[in-house]
$ cat structure_36.csv   # CSV, C-alpha atoms
chain,number,residue,atom,x,y,z
A,1114,MET,CA,84.8,89.0,43.0
A,1115,ALA,CA,81.9,89.7,45.3
A,1116,GLN,CA,82.9,91.8,48.3
A,1117,GLY,CA,83.4,90.6,51.8
A,1118,VAL,CA,83.5,86.9,50.9
A,1119,LYS,CA,85.2,84.8,53.6
A,1120,PRO,CA,85.0,81.0,53.9
A,1121,ARG,CA,85.1,79.4,57.4
A,1122,VAL,CA,85.3,75.8,58.4
A,1123,LYS,CA,85.1,74.1,61.8
A,1124,ALA,CA,86.5,70.6,61.8
A,1125,PRO,CA,88.2,68.5,64.5
A,1126,LYS,CA,92.0,68.4,64.5
A,1127,THR,CA,92.1,64.7,65.4
A,1128,ALA,CA,89.8,61.7,65.0
A,1129,ALA,CA,89.9,58.0,65.7
A,1130,ALA,CA,90.3,55.9,62.5
A,1131,GLY,CA,86.8,55.2,61.1
A,1132,GLU,CA,85.2,57.8,63.3
A,1133,THR,CA,82.3,59.9,62.0
A,1134,VAL,CA,83.1,63.6,62.5
A,1135,THR,CA,80.8,66.7,62.2
A,1136,LEU,CA,82.0,69.4,59.9
A,1137,LYS,CA,80.5,72.9,59.9
A,1138,THR,CA,81.1,75.4,57.1
A,1139,LEU,CA,80.0,78.9,56.5
A,1140,ILE,CA,80.8,81.4,53.8
A,1141,SER,CA,80.0,85.1,54.2
A,1142,HIS,CA,78.3,86.0,50.9
A,1143,LYS,CA,75.4,88.2,50.1
A,1144,MET,CA,73.6,85.6,48.0
A,1145,GLU,CA,71.7,88.1,45.8
A,1146,SER,CA,68.8,86.2,44.3
A,1147,GLY,CA,68.5,88.1,41.1
A,1148,GLN,CA,64.8,88.7,41.8
A,1149,ARG,CA,65.1,91.9,43.7
A,1150,LYS,CA,64.9,95.4,42.3
A,1151,ASP,CA,66.8,98.5,43.4
A,1152,LYS,CA,65.2,101.9,44.2
A,1153,ASP,CA,65.1,102.8,40.5
A,1154,GLY,CA,63.3,99.6,39.6
A,1155,ASN,CA,66.3,97.9,37.9
A,1156,VAL,CA,66.8,94.3,38.6
A,1157,ILE,CA,69.8,93.7,40.9
A,1158,PRO,CA,71.8,91.0,39.0
A,1159,ARG,CA,72.0,87.5,40.5
A,1160,SER,CA,75.2,86.8,42.5
A,1161,ILE,CA,75.2,83.6,44.5
A,1162,ILE,CA,77.4,80.7,45.4
A,1163,ASN,CA,76.1,78.1,43.0
A,1164,ARG,CA,78.1,75.0,44.1
A,1165,PHE,CA,79.7,73.8,47.3
A,1166,THR,CA,81.9,70.7,47.5
A,1167,CYS,CA,83.9,68.9,50.1
A,1168,GLU,CA,86.6,66.2,49.4
A,1169,PHE,CA,88.7,64.1,51.7
A,1170,ASN,CA,92.0,63.0,50.2
A,1171,GLY,CA,90.6,63.6,46.7
A,1172,LYS,CA,87.4,61.5,47.4
A,1173,SER,CA,84.1,63.4,47.3
A,1174,VAL,CA,82.3,63.8,50.6
A,1175,ILE,CA,79.5,66.1,49.5
A,1176,ASP,CA,78.7,68.0,46.3
A,1177,VAL,CA,75.9,70.5,46.5
A,1178,LYS,CA,74.2,72.4,43.7
A,1179,MET,CA,72.9,75.7,45.2
A,1180,GLU,CA,70.0,77.8,43.9
A,1181,PRO,CA,68.9,81.4,44.4
A,1182,SER,CA,66.8,82.2,47.4
A,1183,ILE,CA,69.2,80.5,49.7
A,1184,SER,CA,69.8,82.9,52.6
A,1185,THR,CA,72.8,85.2,52.9
A,1186,ASN,CA,75.9,83.6,54.5
A,1187,PRO,CA,75.1,79.9,53.6
A,1188,TYR,CA,75.9,77.4,56.3
A,1189,PHE,CA,76.3,73.7,55.9
A,1190,GLU,CA,76.7,71.1,58.6
A,1191,PHE,CA,77.4,67.5,57.7
A,1192,GLU,CA,79.1,64.4,58.8
A,1193,ALA,CA,82.0,62.4,57.3
A,1194,VAL,CA,83.8,59.2,58.1
A,1195,VAL,CA,87.6,59.7,58.6
A,1196,PRO,CA,89.2,56.3,57.6
A,1197,GLU,CA,92.8,57.6,57.7
A,1198,ALA,CA,94.8,60.8,58.4
A,1199,GLY,CA,94.4,63.3,55.6
A,1200,GLU,CA,92.9,66.6,54.5
A,1201,PHE,CA,89.4,67.9,54.0
A,1202,LYS,CA,89.2,70.3,51.1
A,1203,PHE,CA,86.2,72.7,50.8
A,1204,THR,CA,85.4,74.6,47.7
A,1205,TRP,CA,82.8,77.2,47.0
A,1206,TYR,CA,82.0,78.3,43.4
A,1207,ASP,CA,80.7,81.9,42.8
A,1208,ASP,CA,78.5,83.0,39.9
A,1209,ASP,CA,81.2,85.4,38.9
A,1210,GLY,CA,83.7,82.6,38.4
A,1211,SER,CA,85.5,83.1,41.7
A,1212,VAL,CA,86.5,79.9,43.6
A,1213,TYR,CA,87.0,80.0,47.3
A,1214,GLU,CA,88.9,77.3,49.0
A,1215,GLU,CA,89.7,76.2,52.5
A,1216,ALA,CA,91.4,73.1,53.8
A,1217,LYS,CA,91.6,71.3,57.2
A,1218,SER,CA,93.9,68.4,58.0
A,1219,VAL,CA,92.8,65.7,60.4
A,1220,LYS,CA,95.2,63.5,62.3
A,1221,ILE,CA,94.5,60.0,63.7
A,1222,GLY,CA,94.8,59.9,67.4
B,1094,MET,CA,36.2,63.5,70.8
B,1095,THR,CA,34.0,66.2,69.2
B,1096,ILE,CA,35.4,69.3,67.6
B,1097,LYS,CA,33.6,71.3,70.3
B,1098,THR,CA,35.3,69.7,73.3
B,1099,MET,CA,38.7,69.8,71.4
B,1100,SER,CA,38.4,73.5,70.9
B,1101,PHE,CA,37.3,73.9,74.5
B,1102,ILE,CA,40.5,72.1,75.7
B,1103,VAL,CA,42.6,74.3,73.4
B,1104,ALA,CA,40.9,77.4,74.7
B,1105,LEU,CA,41.4,76.2,78.3
B,1106,THR,CA,45.1,75.5,77.7
B,1107,MET,CA,45.6,79.0,76.3
B,1108,THR,CA,44.0,80.7,79.3
B,1109,LEU,CA,46.4,79.0,81.7
B,1110,PRO,CA,49.6,80.9,81.5
B,1111,THR,CA,51.7,78.1,83.0
B,1112,LEU,CA,50.7,75.8,80.2
B,1113,GLY,CA,51.2,78.3,77.5
B,1114,ALA,CA,54.0,77.7,75.0
B,1115,ALA,CA,55.0,81.4,75.2
B,1116,ASP,CA,56.5,81.1,78.7
B,1117,ALA,CA,60.2,81.4,79.3
B,1118,ASP,CA,62.0,78.1,79.6
B,1119,ASP,CA,64.6,77.0,82.2
B,1120,ASP,CA,67.5,76.1,79.8
B,1121,LYS,CA,71.0,77.1,80.6
B,1122,LEU,CA,73.2,79.2,78.3
B,1123,VAL,CA,76.9,78.4,78.0
B,1124,ILE,CA,78.7,79.9,75.0
B,1125,ASN,CA,81.5,77.9,73.4
B,1126,GLU,CA,81.3,75.5,76.3
B,1127,GLU,CA,83.2,78.0,78.4
B,1128,ILE,CA,81.4,81.3,79.0
B,1129,ALA,CA,78.5,80.8,81.4
B,1130,ILE,CA,75.8,83.4,80.9
B,1131,THR,CA,73.5,84.6,83.7
B,1132,THR,CA,70.2,84.7,81.9
B,1133,LYS,CA,68.0,84.8,85.0
B,1134,THR,CA,68.7,86.7,88.2
B,1135,ASP,CA,67.2,88.7,91.0
B,1136,ALA,CA,65.8,92.0,89.7
B,1137,PRO,CA,67.8,95.1,90.6
B,1138,ALA,CA,66.6,97.1,93.6
B,1139,HIS,CA,65.0,99.9,91.5
B,1140,LEU,CA,62.5,97.3,90.1
B,1141,ASP,CA,61.1,96.5,93.5
B,1142,GLY,CA,57.4,95.7,93.2
B,1143,VAL,CA,57.7,95.3,89.4
B,1144,PHE,CA,59.8,92.1,88.9
B,1145,ASP,CA,61.2,89.6,91.3
B,1146,GLU,CA,63.4,88.1,88.6
B,1147,VAL,CA,64.8,89.6,85.4
B,1148,MET,CA,65.5,87.3,82.4
B,1149,SER,CA,67.2,87.4,79.1
B,1150,GLY,CA,65.1,87.3,75.9
B,1151,TRP,CA,67.1,84.1,75.1
B,1152,HIS,CA,64.6,82.1,77.3
B,1153,PHE,CA,61.7,83.1,75.1
B,1154,ARG,CA,63.2,81.6,71.9
B,1155,SER,CA,62.9,78.2,70.4
B,1156,ASP,CA,65.6,75.5,71.1
B,1157,GLU,CA,67.0,75.8,67.6
B,1158,THR,CA,67.4,79.6,67.9
B,1159,GLN,CA,68.8,79.2,71.4
B,1160,ALA,CA,71.4,76.7,70.1
B,1161,MET,CA,72.8,79.2,67.5
B,1162,GLU,CA,74.0,81.4,70.3
B,1163,MET,CA,75.8,78.6,72.1
B,1164,ASP,CA,78.7,78.3,69.6
B,1165,ASP,CA,80.4,81.3,68.0
B,1166,PHE,CA,80.7,79.4,64.7
B,1167,ASP,CA,76.9,79.0,64.6
B,1168,ASN,CA,76.2,82.6,65.6
B,1169,PRO,CA,75.9,84.7,62.4
B,1170,GLY,CA,76.5,87.8,64.6
B,1171,MET,CA,80.1,86.8,65.0
B,1172,ILE,CA,80.7,87.4,61.3
B,1173,PHE,CA,80.1,91.1,62.0
B,1174,VAL,CA,82.4,90.9,65.0
B,1175,GLU,CA,85.2,89.6,62.7
B,1176,ASP,CA,84.7,92.6,60.4
B,1177,ALA,CA,85.0,94.9,63.4
B,1178,ILE,CA,88.3,93.3,64.5
B,1179,GLU,CA,89.7,94.4,61.1
B,1180,THR,CA,88.3,97.9,61.7
B,1181,TRP,CA,89.8,97.9,65.2
B,1182,ASN,CA,93.2,97.3,63.8
B,1183,THR,CA,92.9,99.8,60.8
B,1184,ALA,CA,94.3,103.3,61.2
B,1185,GLU,CA,91.8,105.9,60.1
B,1186,GLY,CA,91.5,109.7,60.1
B,1187,THR,CA,93.9,112.6,60.2
B,1188,GLU,CA,95.8,111.3,63.2
B,1189,GLY,CA,96.7,108.0,61.5
B,1190,LYS,CA,95.6,106.0,64.6
B,1191,SER,CA,93.6,102.8,64.9
B,1192,CYS,CA,91.6,101.7,68.0
B,1193,ALA,CA,94.4,99.3,68.7
B,1194,ASP,CA,97.0,102.0,69.0
B,1195,CYS,CA,95.5,103.3,72.2
B,1196,HIS,CA,93.5,100.4,73.5
B,1197,GLY,CA,95.5,97.3,72.6
B,1198,ALA,CA,93.6,94.1,71.9
B,1199,PRO,CA,89.8,94.1,71.8
B,1200,GLU,CA,89.9,91.7,74.7
B,1201,ASP,CA,91.5,94.4,76.8
B,1202,MET,CA,88.1,96.2,76.6
B,1203,ALA,CA,86.3,93.5,78.6
B,1204,GLY,CA,84.2,95.2,81.2
B,1205,VAL,CA,83.5,98.3,79.2
B,1206,LYS,CA,80.2,97.3,77.6
B,1207,PRO,CA,78.3,96.4,80.9
B,1208,THR,CA,78.6,100.0,82.2
B,1209,TYR,CA,77.1,101.8,79.2
B,1210,PRO,CA,75.2,104.0,78.8
B,1211,LYS,CA,77.0,106.1,81.3
B,1212,TRP,CA,77.7,109.7,82.3
B,1213,ASN,CA,80.5,111.4,80.4
B,1214,ALA,CA,81.8,114.4,82.4
B,1215,ALA,CA,83.7,116.1,79.6
B,1216,ALA,CA,80.7,116.1,77.3
B,1217,ASP,CA,78.3,116.8,80.2
B,1218,GLN,CA,75.8,114.2,79.1
B,1219,VAL,CA,75.1,110.5,79.1
B,1220,PHE,CA,77.0,108.6,76.4
B,1221,THR,CA,75.9,105.3,74.8
B,1222,LEU,CA,78.8,103.0,73.8
B,1223,GLN,CA,78.3,104.0,70.2
B,1224,MET,CA,78.7,107.7,71.2
B,1225,GLN,CA,81.8,106.9,73.1
B,1226,VAL,CA,83.3,105.1,70.0
B,1227,ASN,CA,82.4,108.2,67.9
B,1228,ASP,CA,84.0,110.5,70.5
B,1229,CYS,CA,87.2,108.5,70.1
B,1230,ARG,CA,86.9,108.6,66.3
B,1231,VAL,CA,86.3,112.3,66.0
B,1232,ASN,CA,88.5,113.7,68.8
B,1233,ARG,CA,91.4,111.2,69.0
B,1234,MET,CA,91.5,109.7,65.4
B,1235,GLY,CA,90.3,112.7,63.4
B,1236,ALA,CA,88.0,110.3,61.6
B,1237,GLU,CA,84.3,110.7,60.6
B,1238,ALA,CA,81.7,109.8,63.2
B,1239,TRP,CA,79.5,106.7,62.4
B,1240,LYS,CA,75.7,107.1,62.4
B,1241,THR,CA,73.7,105.5,65.2
B,1242,ASP,CA,73.1,101.8,64.5
B,1243,LYS,CA,74.6,102.1,61.0
B,1244,GLY,CA,77.9,101.6,59.2
B,1245,GLY,CA,80.7,100.7,61.5
B,1246,SER,CA,78.8,101.5,64.7
B,1247,ILE,CA,76.9,98.2,65.1
B,1248,PRO,CA,79.8,95.8,64.3
B,1249,MET,CA,82.0,97.7,66.7
B,1250,GLU,CA,79.4,97.6,69.4
B,1251,ALA,CA,79.1,93.9,68.8
B,1252,LEU,CA,82.8,93.4,69.1
B,1253,LEU,CA,83.0,95.4,72.4
B,1254,SER,CA,80.0,93.4,73.6
B,1255,SER,CA,81.4,90.0,72.6
B,1256,VAL,CA,84.6,90.5,74.7
B,1257,SER,CA,82.4,91.3,77.8
B,1258,ARG,CA,80.1,88.3,77.5
B,1259,GLY,CA,79.5,86.7,80.8
B,1260,LEU,CA,80.1,89.9,82.8
B,1261,PRO,CA,77.0,91.3,84.6
B,1262,MET,CA,75.3,94.5,83.3
B,1263,ASN,CA,76.1,97.3,85.7
B,1264,VAL,CA,74.7,100.6,84.6
B,1265,ALA,CA,75.0,103.3,87.2
B,1266,ILE,CA,71.6,105.0,87.9
B,1267,ASP,CA,72.8,107.5,90.5
B,1268,GLY,CA,75.1,110.5,90.2
B,1269,PRO,CA,75.0,113.0,87.4
B,1270,GLY,CA,73.3,110.6,85.0
B,1271,ARG,CA,70.2,110.3,87.2
B,1272,GLU,CA,68.3,112.9,85.4
B,1273,THR,CA,68.6,111.1,82.1
B,1274,TRP,CA,67.7,107.8,83.7
B,1275,GLU,CA,64.5,109.4,85.1
B,1276,LYS,CA,63.7,110.7,81.7
B,1277,GLY,CA,64.1,107.2,80.3
B,1278,LYS,CA,61.9,105.8,83.0
B,1279,GLU,CA,59.2,108.3,82.1
B,1280,ILE,CA,59.4,107.4,78.4
B,1281,TYR,CA,59.2,103.7,79.4
B,1282,TYR,CA,55.9,104.2,81.1
B,1283,THR,CA,54.4,106.7,78.6
B,1284,ARG,CA,51.7,105.4,76.3
B,1285,TYR,CA,52.5,106.2,72.7
B,1286,GLY,CA,50.6,106.0,69.4
B,1287,GLN,CA,47.1,105.2,68.3
B,1288,LEU,CA,47.3,101.9,70.2
B,1289,GLN,CA,48.2,103.8,73.4
B,1290,LEU,CA,50.9,101.4,74.4
B,1291,SER,CA,53.8,102.0,76.7
B,1292,CYS,CA,56.9,99.7,76.9
B,1293,ALA,CA,55.5,98.5,80.2
B,1294,ASN,CA,52.2,97.4,78.7
B,1295,CYS,CA,53.9,94.6,76.7
B,1296,HIS,CA,57.2,93.9,78.4
B,1297,GLU,CA,56.2,94.3,82.0
B,1298,ASP,CA,52.5,93.3,82.1
B,1299,ASN,CA,52.5,90.7,79.4
B,1300,TYR,CA,55.9,89.1,79.0
B,1301,GLY,CA,55.6,85.4,78.5
B,1302,ASN,CA,52.3,85.9,76.5
B,1303,MET,CA,52.0,85.9,72.7
B,1304,ILE,CA,51.9,89.1,70.7
B,1305,ARG,CA,50.4,87.9,67.5
B,1306,ALA,CA,52.7,85.0,66.5
B,1307,ASP,CA,55.6,86.0,68.6
B,1308,HIS,CA,56.7,85.6,72.2
B,1309,LEU,CA,56.9,88.8,74.4
B,1310,SER,CA,60.1,89.0,76.4
B,1311,GLN,CA,60.9,91.4,79.2
B,1312,GLY,CA,62.5,93.6,76.6
B,1313,GLN,CA,66.0,93.4,78.1
B,1314,VAL,CA,68.9,94.8,76.1
B,1315,ASN,CA,71.7,92.8,77.5
B,1316,GLY,CA,71.8,90.8,74.3
B,1317,PHE,CA,72.2,93.8,71.9
B,1318,PRO,CA,73.4,94.2,69.3
B,1319,THR,CA,71.2,91.3,68.2
B,1320,TYR,CA,71.4,89.2,65.1
B,1321,ARG,CA,67.8,88.7,63.9
B,1322,LEU,CA,66.9,85.8,61.7
B,1323,LYS,CA,64.2,87.9,60.1
B,1324,ASN,CA,66.6,90.5,58.6
B,1325,THR,CA,69.9,88.6,58.7
B,1326,LYS,CA,71.8,91.4,60.2
B,1327,LEU,CA,72.8,92.9,63.6
B,1328,ASN,CA,70.2,95.2,65.1
B,1329,GLY,CA,70.9,98.0,67.5
B,1330,ALA,CA,68.8,98.8,70.6
B,1331,HIS,CA,67.7,102.1,69.3
B,1332,SER,CA,66.5,100.5,66.0
B,1333,ARG,CA,64.5,98.0,68.1
B,1334,PHE,CA,63.0,100.9,70.2
B,1335,LYS,CA,62.0,102.6,66.9
B,1336,GLY,CA,60.4,99.4,65.7
B,1337,CYS,CA,58.4,99.0,68.9
B,1338,ILE,CA,57.2,102.5,69.0
B,1339,ARG,CA,56.3,102.3,65.3
B,1340,ASP,CA,54.2,99.2,66.1
B,1341,THR,CA,52.1,101.3,68.5
B,1342,ARG,CA,51.3,103.4,65.4
B,1343,ALA,CA,53.2,106.4,66.7
B,1344,GLU,CA,55.6,108.9,65.2
B,1345,THR,CA,58.9,107.5,66.6
B,1346,PHE,CA,62.0,109.1,67.9
B,1347,SER,CA,65.1,108.7,65.8
B,1348,PRO,CA,68.0,106.3,66.7
B,1349,GLY,CA,70.6,108.5,68.5
B,1350,SER,CA,68.0,111.0,69.7
B,1351,PRO,CA,68.2,112.2,73.4
B,1352,GLU,CA,64.9,110.3,74.0
B,1353,PHE,CA,66.4,107.0,72.9
B,1354,ILE,CA,69.7,107.6,74.7
B,1355,ALA,CA,67.7,108.1,77.9
B,1356,LEU,CA,65.5,105.1,77.2
B,1357,GLU,CA,68.5,102.8,76.5
B,1358,MET,CA,70.0,103.9,79.8
B,1359,TYR,CA,66.8,103.1,81.7
B,1360,VAL,CA,66.2,99.8,79.9
B,1361,ALA,CA,69.8,98.7,80.3
B,1362,SER,CA,69.6,99.4,84.0
B,1363,ARG,CA,66.5,97.1,84.3
B,1364,GLY,CA,68.8,94.3,83.3
B,1365,ASN,CA,71.5,95.0,85.8
B,1366,GLY,CA,72.8,91.6,87.0
B,1367,LEU,CA,72.1,89.8,83.7
B,1368,SER,CA,75.2,88.9,81.7
B,1369,VAL,CA,76.2,90.8,78.6
B,1370,GLU,CA,75.2,88.4,75.8
B,1371,GLY,CA,75.7,90.4,72.6
B,1372,PRO,CA,75.8,89.6,69.8
B,1373,SER,CA,72.8,87.5,70.6
B,1374,VAL,CA,70.6,85.5,68.2
B,1375,ARG,CA,66.8,86.2,68.1
B,1376,ASN,CA,64.1,85.7,65.5
$ encode --input "structure_36.csv" --output "structure tokens"
Amino acid sequence: MAQGVKPRVKAPKTAAAGETVTLKTLISHKMESGQRKDKDGNVIPRSIINRFTCEFNGKSVIDVKMEPSISTNPYFEFEAVVPEAGEFKFTWYDDDGSVYEEAKSVKIG
Amino acid sequence: MTIKTMSFIVALTMTLPTLGAADADDDKLVINEEIAITTKTDAPAHLDGVFDEVMSGWHFRSDETQAMEMDDFDNPGMIFVEDAIETWNTAEGTEGKSCADCHGAPEDMAGVKPTYPKWNAAADQVFTLQMQVNDCRVNRMGAEAWKTDKGGSIPMEALLSSVSRGLPMNVAIDGPGRETWEKGKEIYYTRYGQLQLSCANCHEDNYGNMIRADHLSQGQVNGFPTYRLKNTKLNGAHSRFKGCIRDTRAETFSPGSPEFIALEMYVASRGNGLSVEGPSVRN
């Protein structure tokens, strides 16, 4: 597992039924592109988050394929409609096979 | 319209400073919708005849960069602050103590950052905040000192700065630290390097103008440590000084040197009255 990886999500705790809410996500990750070399001229191996998904009650909200040369600590901000109370599930997939998860529940009110 | 008249208009626009895009704006900075930041205020008395108003570098940035500082979630500098909170609570060194064992919560340190650099009677010299942290680490924790602007120094300074956001900078310029402050002032007005530039040539005479593709601010340090979009990490004031002096094509002083300690004290005092803003976001 890459070091110092920590997912963060900012989501509203409550929403009106059918309301469009803004979700902000950030994962601290070095996003090593695989194109840089160290002091001795050896290629530093690629280590990035290659996929990010968000689901609401099992239904896909967003599914992003990520490529090298995305900056360190990738940040996504997007909107989602909340039809009913439930849970947003956020998943980040690391090159090394690690999967980082975070969940936020939203109430109707 | 011919090309010639168009370029004339462009040239005219550029010579009128009030129309230039490089000027500071009048936006208001409120962080997390609760911490109001004083980004423009009357200049401190020692700047009589130099500035009427001092302003934060935040005003010289684009709306998008400005917005990143308005919400801690959007401020990448806060990631480093989170790291520092862990360090704060971790016991280190031969004494088995953490910062928290003596100082309590980081929030209890609100009001510390605005007074630094300041005179330390025991050490008989001016201490920057990073030096004070190291003094604690070495003498009270029995841990190793961090290097200036490196390792744990910068995140810890950012943490201590973040809990003081909104409080006015208040660096004492009288008393035993006066000599250091005078030395800093002398450095500020000394021309360095092949380009023969002093700090004042850019940040006093030309703030609001462009320096190549970038906007010159007043060079205030109330927002340090600063997260820079260009290198995606927190930058310390001494590292910034080094970068500036390097850009004059001079041999620079080192971060942590007596010269930069004096310069930090002087520059910080030029921002007395501005709110502590660090970790700020700049480009």
$ residues_around --input "structure_36.csv" --residues "Val1177 in chain A" --least-positions-apart "2" --cutoff "10 Å" --atoms "only C-alpha atoms" --output "CSV table (one decimal) with C-alpha atoms, in the frame of the given file"
chain,number,residue,atom,x,y,z
A,1163,ASN,CA,76.1,78.1,43.0
A,1164,ARG,CA,78.1,75.0,44.1
A,1165,PHE,CA,79.7,73.8,47.3
A,1166,THR,CA,81.9,70.7,47.5
A,1167,CYS,CA,83.9,68.9,50.1
A,1175,ILE,CA,79.5,66.1,49.5
A,1179,MET,CA,72.9,75.7,45.2
A,1180,GLU,CA,70.0,77.8,43.9
A,1189,PHE,CA,76.3,73.7,55.9
A,1205,TRP,CA,82.8,77.2,47.0
$ interface_residues --input "structure_36.csv" --of "chain B" --to "chain A" --cutoff "9 Å" --atoms "only C-alpha atoms" --output "PyMOL selection string"
chain B and resi 1166-1167+1169+1172+1176+1325
$ closest_residue --input "structure_36.csv" --among "A:Ala1124, A:Gly1154, A:Ala1130, A:Ile1162" --to "Gly1210 in chain A" --atoms "all atoms listed in the file"
A:Ile1162
$ atom_distance --input "structure_36.csv" --atom1 "CA of Pro1137 in chain B" --atom2 "CA of Leu1367 in chain B"
9.7 Å
$ atom_distance --input "structure_36.csv" --atom1 "CA of Gly1150 in chain B" --atom2 "CA of Pro1348 in chain B"
21.3 Å
$ residues_around --input "structure_36.csv" --residues "Ile1221 in chain A" --least-positions-apart "5" --cutoff "8 Å" --atoms "only C-alpha atoms" --output "list of chain:residue names"
A:Thr1127, A:Ala1128, A:Ala1129, A:Ala1130, A:Glu1197, A:Ala1198
$ residues_around --input "structure_36.csv" --residues "Ile1183 in chain A" --least-positions-apart "4" --cutoff "8 Å" --atoms "only C-alpha atoms" --output "VMD selection string"
chain A and resid 1144 1146 1179 1187
$ residues_around --input "structure_36.csv" --residues "Ala1293 in chain B" --least-positions-apart "4" --cutoff "9 Å" --atoms "only C-alpha atoms" --output "PyMOL selection string"
chain B and resi 1281-1284+1297-1299+1311
$ atom_distance --input "structure_36.csv" --atom1 "CA of Ser1254 in chain B" --atom2 "CA of Gly1329 in chain B"
11.9 Å
$ residues_near_point --input "structure_36.csv" --point "(64.1, 101.9, 92.2)" --cutoff "12 Å" --atoms "all atoms listed in the file" --output "list in words"
Ala1136, Pro1137, Ala1138, His1139, Leu1140, Asp1141, Gly1142, Val1143, Phe1144, Ile1266, Asp1267, Arg1271, Trp1274, Glu1275, Lys1278, Tyr1359, Ser1362, Arg1363 and Asn1365 of chain B
$ write_last_selection --input "structure_36.csv" --atoms "C-alpha atoms" --output "short mmCIF file (atom, residue, chain, number, x, y, z; two decimals), in the coordinates of the input"
data_model
loop_
_atom_site.label_atom_id
_atom_site.label_comp_id
_atom_site.auth_asym_id
_atom_site.auth_seq_id
_atom_site.Cartn_x
_atom_site.Cartn_y
_atom_site.Cartn_z
CA ALA B 1136 65.80 92.00 89.70
CA PRO B 1137 67.80 95.10 90.60
CA ALA B 1138 66.60 97.10 93.60
CA HIS B 1139 65.00 99.90 91.50
CA LEU B 1140 62.50 97.30 90.10
CA ASP B 1141 61.10 96.50 93.50
CA GLY B 1142 57.40 95.70 93.20
CA VAL B 1143 57.70 95.30 89.40
CA PHE B 1144 59.80 92.10 88.90
CA ILE B 1266 71.60 105.00 87.90
CA ASP B 1267 72.80 107.50 90.50
CA ARG B 1271 70.20 110.30 87.20
CA TRP B 1274 67.70 107.80 83.70
CA GLU B 1275 64.50 109.40 85.10
CA LYS B 1278 61.90 105.80 83.00
CA TYR B 1359 66.80 103.10 81.70
CA SER B 1362 69.60 99.40 84.00
CA ARG B 1363 66.50 97.10 84.30
CA ASN B 1365 71.50 95.00 85.80
#
$ residues_near_point --input "structure_36.csv" --point "(82.8, 60.2, 59.3)" --cutoff "9 Å" --atoms "all atoms listed in the file" --output "list in words"
Gly1131, Glu1132, Thr1133, Val1134, Thr1135, Glu1192, Ala1193, Val1194, Val1195 and Pro1196 of chain A
$ residues_around --input "structure_36.csv" --residues "Gly1316 in chain B" --least-positions-apart "6" --cutoff "6 Å" --atoms "all atoms listed in the file" --output "PyMOL selection string"
chain B and resi 1370-1371+1373
$ closest_residue --input "structure_36.csv" --among "B:Glu1127, B:Asp1145, B:Asp1307, B:Asp1165" --to "Arg1375 in chain B" --atoms "all atoms listed in the file"
B:Asp1307
$ closest_residue --input "structure_36.csv" --among "A:Glu1215, A:Ser1173, A:Val1118, A:Asp1208" --to "Arg1159 in chain A" --atoms "all atoms listed in the file"
A:Asp1208
$ closest_residue --input "structure_36.csv" --among "B:Gly1277, B:Glu1272, B:Asp1120, B:Leu1252" --to "Ser1155 in chain B" --atoms "all atoms listed in the file"
B:Asp1120
$ closest_residue --input "structure_36.csv" --among "A:Gly1199, A:Pro1120, A:Pro1125, A:Gly1222" --to "Gly1171 in chain A" --atoms "only C-alpha atoms"
A:Gly1199
$ decode --input "structure_36.csv" --residues "range 1124-1140 of chain B" --atoms "C-alpha atoms" --output "mmCIF file, in the first residue's frame"
data_model
loop_
_atom_site.group_PDB
_atom_site.id
_atom_site.type_symbol
_atom_site.label_atom_id
_atom_site.label_comp_id
_atom_site.auth_asym_id
_atom_site.auth_seq_id
_atom_site.Cartn_x
_atom_site.Cartn_y
_atom_site.Cartn_z
ATOM 1 C CA ILE B 1124 -12.803 30.778 5.598
ATOM 2 C CA ASN B 1125 -15.308 27.955 6.186
ATOM 3 C CA GLU B 1126 -18.042 30.606 6.264
ATOM 4 C CA GLU B 1127 -16.973 31.501 9.805
ATOM 5 C CA ILE B 1128 -13.415 32.882 10.064
ATOM 6 C CA ALA B 1129 -13.329 36.446 8.723
ATOM 7 C CA ILE B 1130 -9.815 37.302 7.549
ATOM 8 C CA THR B 1131 -8.501 40.859 7.555
ATOM 9 C CA THR B 1132 -6.740 41.020 4.203
ATOM 10 C CA LYS B 1133 -6.435 44.805 3.973
ATOM 11 C CA THR B 1134 -5.736 47.155 6.820
ATOM 12 C CA ASP B 1135 -3.921 50.361 7.746
ATOM 13 C CA ALA B 1136 -0.170 49.984 7.543
ATOM 14 C CA PRO B 1137 1.681 49.698 10.877
ATOM 15 C CA ALA B 1138 3.284 52.905 12.175
ATOM 16 C CA HIS B 1139 6.832 51.902 11.215
ATOM 17 C CA LEU B 1140 5.785 51.901 7.549
#
